[in-house]
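See below for work02.csv, which holds CSV, C-alpha atoms.
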```csv
chain,number,residue,atom,x,y,z
A,1,PRO,CA,120.2,129.6,114.4
A,2,GLN,CA,116.7,128.8,113.4
A,3,PRO,CA,114.1,131.5,113.8
A,4,GLY,CA,111.0,130.9,115.9
A,5,PRO,CA,110.4,129.5,119.3
A,6,ARG,CA,112.8,126.8,120.6
A,7,SER,CA,111.6,124.5,123.3
A,8,LEU,CA,114.0,122.8,125.7
A,9,PRO,CA,113.7,119.1,126.2
A,10,GLY,CA,112.4,117.8,129.5
A,11,PRO,CA,109.6,118.9,131.8
A,12,ALA,CA,109.8,122.6,132.8
A,13,LEU,CA,107.0,122.7,135.4
A,14,SER,CA,108.6,120.5,138.0
A,15,VAL,CA,111.2,123.0,138.8
A,16,SER,CA,110.1,126.3,140.4
A,17,PRO,CA,111.0,129.6,138.6
A,18,LEU,CA,112.9,131.0,141.5
A,19,SER,CA,115.4,128.2,141.9
A,20,PRO,CA,118.8,128.8,140.2
A,21,GLY,CA,119.4,127.4,136.9
A,22,TRP,CA,115.9,127.5,135.5
A,23,LEU,CA,115.4,128.7,132.0
A,24,PRO,CA,112.0,129.5,130.5
A,25,ALA,CA,110.4,126.9,128.4
A,26,LEU,CA,110.1,129.0,125.3
A,27,GLN,CA,112.8,131.3,124.3
A,28,LEU,CA,112.0,133.6,121.4
A,29,VAL,CA,115.1,134.4,119.5
A,30,ARG,CA,115.5,136.4,116.4
A,31,ARG,CA,118.5,138.3,115.1
A,32,GLY,CA,120.1,138.4,118.5
A,33,SER,CA,118.3,141.5,119.9
A,34,LYS,CA,116.6,141.3,123.2
A,35,ALA,CA,113.0,142.0,124.0
A,36,VAL,CA,113.7,145.4,125.5
A,37,THR,CA,115.8,147.5,123.1
A,38,ARG,CA,116.8,151.1,122.9
A,39,HIS,CA,115.4,151.5,119.4
A,40,TRP,CA,111.9,150.9,118.2
A,41,LYS,CA,111.7,147.2,117.5
A,42,ALA,CA,109.5,146.0,114.7
A,43,MET,CA,106.5,144.0,116.0
A,44,HIS,CA,106.0,140.5,115.1
A,45,PHE,CA,104.0,140.2,112.0
A,46,GLN,CA,101.1,138.5,113.7
A,47,ARG,CA,101.1,141.2,116.3
A,48,GLN,CA,101.2,143.9,113.6
A,49,LYS,CA,98.2,142.3,112.0
A,50,LEU,CA,96.4,142.1,115.3
A,51,MET,CA,97.1,145.8,116.1
A,52,ALA,CA,95.9,146.9,112.6
A,53,VAL,CA,92.7,145.0,113.0
A,54,THR,CA,91.9,146.2,116.5
A,55,GLU,CA,92.6,149.9,115.9
A,56,TYR,CA,90.3,152.3,117.5
A,57,LEU,CA,87.6,153.8,115.2
A,58,ALA,CA,85.9,156.8,116.8
A,59,PRO,CA,82.1,156.6,116.6
A,60,ARG,CA,80.7,159.2,114.2
A,61,PRO,CA,77.2,160.5,114.7
A,62,ALA,CA,74.9,160.3,111.8
A,63,ILE,CA,74.4,164.1,111.8
A,64,PRO,CA,77.5,166.1,112.5
A,65,PRO,CA,77.1,168.0,115.8
A,66,ARG,CA,77.6,171.4,114.2
A,67,CYS,CA,74.4,170.9,112.1
A,68,LEU,CA,72.2,170.4,115.2
A,69,PRO,CA,70.9,173.3,117.2
A,70,ARG,CA,73.3,174.3,119.9
A,71,LYS,CA,72.5,172.9,123.4
A,72,LYS,CA,71.8,175.6,125.9
A,73,GLU,CA,74.5,175.4,128.6
A,74,PRO,CA,72.8,174.5,131.9
A,75,ARG,CA,72.9,177.5,134.2
A,76,GLN,CA,75.5,177.0,136.9
A,77,GLU,CA,74.6,177.6,140.4
A,78,ASP,CA,75.4,180.9,142.0
A,79,ASN,CA,78.7,180.9,143.7
A,80,GLY,CA,79.0,182.4,147.1
A,81,TYR,CA,82.0,184.3,145.7
A,82,GLU,CA,79.9,185.7,142.9
A,83,ARG,CA,77.2,186.7,145.3
A,84,LEU,CA,79.7,188.5,147.5
A,85,LEU,CA,81.1,190.4,144.5
A,86,LYS,CA,77.5,191.3,143.4
A,87,ARG,CA,76.9,192.6,146.9
A,88,GLN,CA,80.0,194.7,146.7
A,89,VAL,CA,78.9,196.2,143.4
A,90,GLU,CA,75.5,197.1,144.8
A,91,GLU,CA,77.2,198.7,147.8
A,92,ALA,CA,79.5,200.7,145.6
A,93,PHE,CA,76.6,202.0,143.6
A,94,ARG,CA,74.6,202.8,146.8
A,95,ASP,CA,77.2,204.5,148.9
A,96,ASN,CA,78.9,206.7,146.4
A,97,ARG,CA,77.7,209.9,144.8
A,98,MET,CA,80.0,209.8,141.9
A,99,ILE,CA,80.7,206.7,139.8
A,100,ALA,CA,82.8,207.0,136.7
A,101,VAL,CA,83.4,204.2,134.2
A,102,CYS,CA,86.6,204.2,132.3
A,103,GLN,CA,88.2,201.9,129.7
A,104,PHE,CA,91.3,200.3,131.0
A,105,ASN,CA,94.0,199.6,128.3
A,106,SER,CA,97.0,197.7,129.6
A,107,MET,CA,99.2,199.9,131.7
A,108,PRO,CA,102.4,199.2,133.5
A,109,GLY,CA,101.9,198.2,137.1
A,110,GLU,CA,103.7,201.2,138.7
A,111,ASP,CA,101.5,203.6,136.7
A,112,VAL,CA,98.4,201.9,138.1
A,113,VAL,CA,99.8,202.2,141.6
A,114,LEU,CA,100.7,205.9,141.1
A,115,MET,CA,97.3,206.7,139.7
A,116,ARG,CA,95.6,204.9,142.5
A,117,HIS,CA,97.7,206.9,144.9
A,118,TYR,CA,96.8,210.3,143.3
A,119,LEU,CA,93.1,209.4,143.2
A,120,ARG,CA,93.1,208.2,146.8
A,121,LYS,CA,94.4,211.6,147.9
A,122,HIS,CA,91.1,213.0,146.6
A,123,ASN,CA,89.2,210.2,148.3
A,124,ILE,CA,88.4,208.5,145.0
A,125,GLU,CA,88.7,204.7,145.0
A,126,VAL,CA,89.6,202.6,142.0
A,127,LYS,CA,87.6,199.4,141.7
A,128,PHE,CA,88.0,196.5,139.2
A,129,PHE,CA,84.9,194.4,138.6
A,130,LEU,CA,84.3,191.6,136.0
A,131,ASN,CA,81.7,192.4,133.4
A,132,GLU,CA,79.8,189.1,134.0
A,133,ILE,CA,79.2,190.2,137.6
A,134,VAL,CA,78.3,193.8,136.9
A,135,ARG,CA,75.9,193.3,134.1
A,136,PRO,CA,73.3,191.2,135.9
A,137,VAL,CA,73.4,193.6,138.9
A,138,LEU,CA,72.9,196.7,136.7
A,139,SER,CA,70.2,195.1,134.6
A,140,GLN,CA,68.1,194.6,137.7
A,141,SER,CA,68.8,198.0,139.3
A,142,LYS,CA,67.8,201.4,137.9
A,143,TYR,CA,71.1,201.9,136.1
A,144,ARG,CA,70.0,200.1,133.1
A,145,ASN,CA,71.4,202.7,130.7
A,146,LEU,CA,74.9,202.1,131.9
A,147,LEU,CA,74.8,198.6,130.6
A,148,PRO,CA,76.2,199.2,127.1
A,149,LEU,CA,79.3,200.7,128.7
A,150,PHE,CA,80.4,197.5,130.3
A,151,VAL,CA,82.1,195.8,127.4
A,152,GLY,CA,85.8,194.9,127.4
A,153,ARG,CA,88.1,195.9,130.2
A,154,ASN,CA,86.7,198.6,132.5
A,155,ILE,CA,87.5,200.1,135.8
A,156,LEU,CA,85.2,202.0,138.1
A,157,LEU,CA,86.2,205.2,139.9
A,158,VAL,CA,83.9,205.7,142.9
A,159,SER,CA,83.8,208.5,145.3
A,160,ARG,CA,81.6,210.1,147.9
A,161,GLU,CA,82.2,213.7,146.9
A,162,ALA,CA,82.0,214.8,143.3
A,163,LYS,CA,85.5,215.9,142.7
A,164,VAL,CA,85.4,215.9,139.0
A,165,LYS,CA,88.1,218.5,138.2
A,166,GLU,CA,90.8,216.7,140.1
A,167,MET,CA,89.7,213.4,138.6
A,168,LEU,CA,89.9,214.8,135.1
A,169,ARG,CA,93.3,216.2,135.8
A,170,VAL,CA,94.7,212.9,137.0
A,171,LEU,CA,93.1,211.0,134.1
A,172,LYS,CA,94.6,213.5,131.6
A,173,GLY,CA,98.0,212.6,132.9
A,174,VAL,CA,97.3,208.9,132.2
A,175,PRO,CA,96.8,208.4,128.4
A,176,GLN,CA,95.8,204.8,128.6
A,177,ILE,CA,92.6,205.3,130.6
A,178,ASN,CA,89.7,206.8,128.7
A,179,LEU,CA,86.7,208.1,130.5
A,180,LEU,CA,83.6,206.7,129.0
A,181,GLY,CA,80.8,208.0,131.2
A,182,ALA,CA,79.8,208.7,134.7
A,183,CYS,CA,76.8,208.6,137.0
A,184,ILE,CA,76.9,211.5,139.4
A,185,ASP,CA,74.0,211.9,141.9
A,186,ASP,CA,71.9,209.4,140.0
A,187,THR,CA,72.3,211.3,136.7
A,188,ILE,CA,74.0,209.5,133.8
A,189,LEU,CA,76.5,211.8,132.1
A,190,SER,CA,78.6,211.3,129.0
A,191,ARG,CA,82.2,212.4,128.8
A,192,LYS,CA,81.2,215.9,127.6
A,193,GLY,CA,78.6,216.1,130.4
A,194,VAL,CA,81.3,215.3,132.9
A,195,GLU,CA,83.6,218.0,131.5
A,196,SER,CA,80.8,220.6,131.6
A,197,PHE,CA,80.0,219.4,135.1
A,198,ALA,CA,83.5,220.1,136.1
A,199,ARG,CA,83.3,223.6,134.7
A,200,LEU,CA,80.1,224.4,136.7
A,201,PRO,CA,80.4,227.1,139.4
A,202,PRO,CA,80.1,226.0,143.1
A,203,MET,CA,76.8,225.6,144.7
A,204,GLU,CA,76.4,229.0,146.4
A,205,ALA,CA,77.2,230.9,143.2
A,206,ALA,CA,74.8,228.7,141.3
A,207,GLN,CA,72.1,229.3,143.9
A,208,GLY,CA,72.7,233.0,143.8
A,209,GLN,CA,72.5,233.0,140.0
A,210,THR,CA,69.2,231.1,140.1
A,211,VAL,CA,67.7,233.4,142.7
A,212,GLY,CA,68.8,236.4,140.6
A,213,ALA,CA,67.2,234.9,137.5
A,214,LEU,CA,64.0,234.1,139.3
A,215,THR,CA,63.6,237.5,140.9
A,216,PHE,CA,64.3,239.4,137.7
A,217,LEU,CA,60.8,239.2,136.2
A,218,PRO,CA,58.8,240.1,139.3
A,219,SER,CA,61.2,243.1,140.0
A,220,HIS,CA,60.7,244.1,136.3
A,221,THR,CA,56.9,243.9,136.8
A,222,SER,CA,56.9,245.9,140.0
A,223,SER,CA,59.1,248.6,138.5
A,224,LEU,CA,56.7,248.7,135.5
A,225,LEU,CA,53.7,249.1,137.9
A,226,GLN,CA,55.4,251.8,139.9
A,227,ARG,CA,56.6,253.7,136.8
A,228,GLY,CA,53.4,255.8,136.5
A,229,SER,CA,53.4,257.1,140.1
A,230,VAL,CA,57.2,257.6,140.1
A,231,TYR,CA,57.0,259.7,136.9
A,232,LEU,CA,54.2,261.7,138.5
A,233,THR,CA,56.2,262.5,141.6
A,234,ALA,CA,59.2,263.4,139.6
A,235,LEU,CA,57.2,265.8,137.5
A,236,LEU,CA,55.6,267.4,140.6
A,237,ASP,CA,59.0,267.8,142.2
A,238,GLN,CA,60.3,269.5,139.1
A,239,HIS,CA,57.2,271.8,139.1
A,240,ILE,CA,57.8,272.7,142.8
A,241,GLN,CA,61.4,273.5,142.1
A,242,ARG,CA,60.5,275.7,139.2
A,243,LEU,CA,57.8,277.5,141.2
A,244,GLN,CA,60.2,277.9,144.2
A,245,ALA,CA,62.8,279.3,141.9
A,246,GLY,CA,60.2,281.6,140.3
A,247,SER,CA,58.1,282.9,143.3
A,248,PRO,CA,58.8,281.6,146.8
A,249,ALA,CA,55.5,283.2,148.0
A,250,GLN,CA,53.5,280.5,146.1
A,251,ALA,CA,55.3,277.6,147.9
A,252,ALA,CA,52.2,276.8,150.2
A,253,PRO,CA,49.6,275.8,147.5
A,254,ALA,CA,52.3,274.0,145.5
A,255,GLN,CA,53.3,272.0,148.6
A,256,SER,CA,49.7,270.9,149.3
A,257,SER,CA,49.3,269.7,145.7
A,258,GLY,CA,52.8,267.9,146.1
A,259,ASP,CA,51.5,266.0,149.2
A,260,LEU,CA,48.8,264.2,147.2
B,1,LYS,CA,90.4,181.0,116.1
B,2,LYS,CA,93.1,183.5,116.9
B,3,MET,CA,93.0,185.6,120.0
B,4,ALA,CA,93.0,189.3,119.3
B,5,SER,CA,95.8,190.0,121.7
B,6,LYS,CA,98.1,187.5,119.9
B,7,ILE,CA,98.2,189.3,116.6
B,8,ARG,CA,101.5,191.3,116.3
B,9,VAL,CA,101.4,194.5,114.4
B,10,VAL,CA,104.6,196.4,113.6
B,11,LEU,CA,103.7,200.1,113.9
B,12,ARG,CA,106.8,201.5,112.5
B,13,PRO,CA,105.3,203.1,109.4
B,14,VAL,CA,102.4,204.5,111.4
B,15,LYS,CA,102.4,208.1,112.5
B,16,SER,CA,99.2,208.3,114.5
B,17,ILE,CA,96.1,206.4,115.3
B,18,ALA,CA,92.9,208.1,116.3
B,19,VAL,CA,90.0,205.9,117.6
B,20,ARG,CA,86.6,207.5,117.8
B,21,PHE,CA,83.6,205.9,119.3
B,22,CYS,CA,80.5,206.5,121.3
B,23,PRO,CA,80.4,204.1,124.3
B,24,PHE,CA,76.6,204.2,124.7
B,25,GLU,CA,76.1,202.6,121.3
B,26,PRO,CA,75.8,198.9,121.0
B,27,ASN,CA,78.2,198.3,118.1
B,28,VAL,CA,81.4,199.6,119.7
B,29,GLU,CA,82.7,196.4,121.3
B,30,SER,CA,85.2,195.5,118.5
B,31,THR,CA,86.5,199.1,118.3
B,32,ARG,CA,87.1,199.2,122.1
B,33,LYS,CA,88.9,195.9,122.0
B,34,PHE,CA,90.9,197.1,119.1
B,35,LEU,CA,92.0,200.1,121.2
B,36,GLY,CA,92.8,197.9,124.1
B,37,CYS,CA,95.0,195.6,121.9
B,38,ILE,CA,96.8,198.5,120.3
B,39,ASN,CA,97.7,199.8,123.7
B,40,HIS,CA,99.5,196.6,124.5
B,41,LYS,CA,103.1,196.9,125.6
B,42,LYS,CA,104.6,194.9,122.8
B,43,ILE,CA,102.8,196.7,120.0
B,44,GLN,CA,103.5,200.1,121.5
B,45,ALA,CA,107.2,199.1,121.8
B,46,THR,CA,107.5,198.7,118.1
B,47,ASN,CA,107.1,202.4,117.7
B,48,ARG,CA,107.3,204.8,120.6
B,49,ASN,CA,106.5,207.9,118.4
B,50,CYS,CA,103.1,206.6,117.4
B,51,GLU,CA,100.4,208.6,119.2
B,52,VAL,CA,97.2,206.7,120.0
B,53,THR,CA,94.3,209.0,120.8
B,54,ALA,CA,90.9,208.0,121.9
B,55,ASP,CA,88.0,210.3,121.2
B,56,VAL,CA,84.9,209.5,123.3
B,57,ARG,CA,81.8,211.2,122.0
B,58,HIS,CA,78.1,211.0,122.6
B,59,ASP,CA,76.6,212.0,119.2
B,60,GLY,CA,75.5,208.5,117.9
B,61,SER,CA,78.2,208.5,115.3
B,62,GLU,CA,79.6,205.1,114.3
B,63,PRO,CA,83.0,203.9,115.6
B,64,LEU,CA,85.9,204.9,113.5
B,65,VAL,CA,89.6,204.1,113.4
B,66,ASP,CA,91.8,206.6,111.6
B,67,VAL,CA,95.4,205.6,110.9
B,68,MET,CA,97.9,208.1,109.5
B,69,PHE,CA,101.0,206.6,107.9
B,70,ALA,CA,104.4,208.2,107.8
B,71,ASP,CA,104.3,208.4,104.0
B,72,GLY,CA,101.0,210.3,104.0
B,73,ASP,CA,98.6,207.4,103.5
B,74,ARG,CA,95.4,207.2,105.5
B,75,LEU,CA,93.5,204.2,106.5
B,76,ILE,CA,89.9,204.6,107.8
B,77,MET,CA,88.2,201.6,109.3
B,78,LYS,CA,84.5,201.8,110.2
B,79,GLY,CA,84.3,199.4,113.1
B,80,ALA,CA,80.5,199.1,113.3
B,81,ASN,CA,80.4,195.8,111.5
B,82,LEU,CA,84.1,194.6,111.7
B,83,THR,CA,85.6,192.3,114.3
B,84,THR,CA,88.7,193.2,116.2
B,85,ILE,CA,90.7,190.5,114.5
B,86,GLU,CA,89.8,191.7,111.1
B,87,MET,CA,90.8,195.2,111.9
B,88,LEU,CA,94.1,194.1,113.4
B,89,THR,CA,94.9,191.9,110.5
B,90,ALA,CA,94.1,194.6,108.0
B,91,LEU,CA,96.3,197.1,109.8
B,92,GLY,CA,99.0,194.5,110.2
B,93,SER,CA,99.0,193.5,106.5
B,94,ARG,CA,99.2,197.2,105.4
B,95,CYS,CA,102.1,197.9,107.9
B,96,ASP,CA,104.0,194.9,106.6
B,97,ALA,CA,103.5,195.9,103.0
B,98,LYS,CA,104.9,199.4,103.8
B,99,GLU,CA,107.8,198.0,105.7
B,100,LEU,CA,108.7,195.8,102.7
B,101,LYS,CA,108.5,198.7,100.4
B,102,GLU,CA,110.8,200.8,102.6
B,103,GLU,CA,113.3,198.0,102.9
B,104,GLN,CA,113.4,197.6,99.2
B,105,LYS,CA,113.9,201.3,98.8
B,106,SER,CA,116.7,201.4,101.2
B,107,LYS,CA,118.3,198.4,99.6
B,108,LYS,CA,118.1,200.1,96.2
B,109,SER,CA,119.6,203.3,97.5
B,110,ASN,CA,122.4,201.3,99.2
```

Could you quickly redo this structure as structure tokens?
Amino acid sequence: PQPGPRSLPGPALSVSPLSPGWLPALQLVRRGSKAVTRHWKAMHFQRQKLMAVTEYLAPRPAIPPRCLPRKKEPRQEDNGYERLLKRQVEEAFRDNRMIAVCQFNSMPGEDVVLMRHYLRKHNIEVKFFLNEIVRPVLSQSKYRNLLPLFVGRNILLVSREAKVKEMLRVLKGVPQINLLGACIDDTILSRKGVESFARLPPMEAAQGQTVGALTFLPSHTSSLLQRGSVYLTALLDQHIQRLQAGSPAQAAPAQSSGDL
Amino acid sequence: KKMASKIRVVLRPVKSIAVRFCPFEPNVESTRKFLGCINHKKIQATNRNCEVTADVRHDGSEPLVDVMFADGDRLIMKGANLTTIEMLTALGSRCDAKELKEEQKSKKSN
């Protein structure tokens, strides 16, 4: 059969397409395969040429974009969610006496739950916050020196009482959490500071020690001042005893000199 | 642009890793991330005997990673100017080299 379009004789427009027995005016036939095939069919040569000519060429800027100075990303508006989280962070810092920052390396879930349980027994809460939220809050509050701690994955352990010993014991049992630093009673402590804080004696003992240290010097001064008269009375007492042992008749004049 | 957590390190020839840093210094980010990646499940699973210790100090010393290998070698990485990916790839390449050596040795003896 000859390749190329083959037109039928006779008018094709007078008969509507839907009536039976109508064949299209032009039938493209080549090699017997239909228009829709299961394999990739080669395009007609003219079509190939057209496709090659009309291929998409991406517009290339004269200066590649990596040579230009980077455009500052326009600051996104404050989410309500972000604001809520920031408020929570501020609350956490305000309400709690002890805030400890620890590095959180990945831990199996059950261990996290167990650790939370043990800490909750001592009234210590475990909080996760994102660094992007914590950093602006801290930079505006007075805890500016805690800023370098908040890099990477961290958790915050917050508590109203300063139960440092129990916290350290729990954290020792969990190797994947490393204590970086803490802020106890508005004082920033490093890890060593936290450990020495745990070893401090309780408040009453500390107060007693301070009072004892403070009163040591005045008591020393008073004993120094009184040393002269105490020495004199001791000497006179000894004199009296010797006189009494020697001659009891001379006790009266010795007593009058002792009463001075 | 690889993600640091995607790098796989086989820790079998490693005996212990000690990571030392000072969190109040500004140059510890890569060392802390390195510690976080090393503690990942999959890397820890390659060698359960490897002890990873983190030493948190406050003396202004620079961040240090000290790796002791089972055959006595020691790798010290000063993380102040290194990125996490560099440290992980360095450790990974050395571990692979040691693994290859061990395999060759075992093949020779067998």

Protein and nucleic acid residues near (91.4, 205.5, 129.8) (cut-off 6 Å, all atoms listed in the file) as a PyMOL selection string: chain A and resi 102-104+176-179

For Val67 of chain B, the nearest of the candidates B:Asn39, B:Ser93, B:Ser16, B:Ser5, counting only C-alpha atoms: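 The answer is B:Ser16, which sits nearest to Val67 of chain B.
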
Interface residues on chain A facing chain B, 12 Å, all atoms listed in the file, written as number ranges by chain: A: 101-109, 144-154, 172, 174-182, 188-195

Contacts of Ala97 of chain B within 12 Å, all atoms listed in the file, excl. fewer than 5 positions in-chain, as JSON, numbers by chain: {"B": [9, 10, 11, 12, 13, 90, 91, 92, 102, 103, 104]}

Within 12 Å of Leu130 of chain A using all atoms listed in the file, minus same-chain residues under 2 positions, as number ranges by chain: A: 82, 85-86, 88-89, 127-128, 132-137, 150-156

Selected residue, from A:His122, A:Phe129, A:Gly208, A:Thr215, that lies nearest to Arg87 of chain A when counting all atoms listed in the file: A:Phe129

Distance in Å - atom CA of Glu161 of chain A versus atom CA of Asn96 of chain A: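 So the two atoms, atom CA of Glu161 of chain A and atom CA of Asn96 of chain A, lie 7.8 Å apart.
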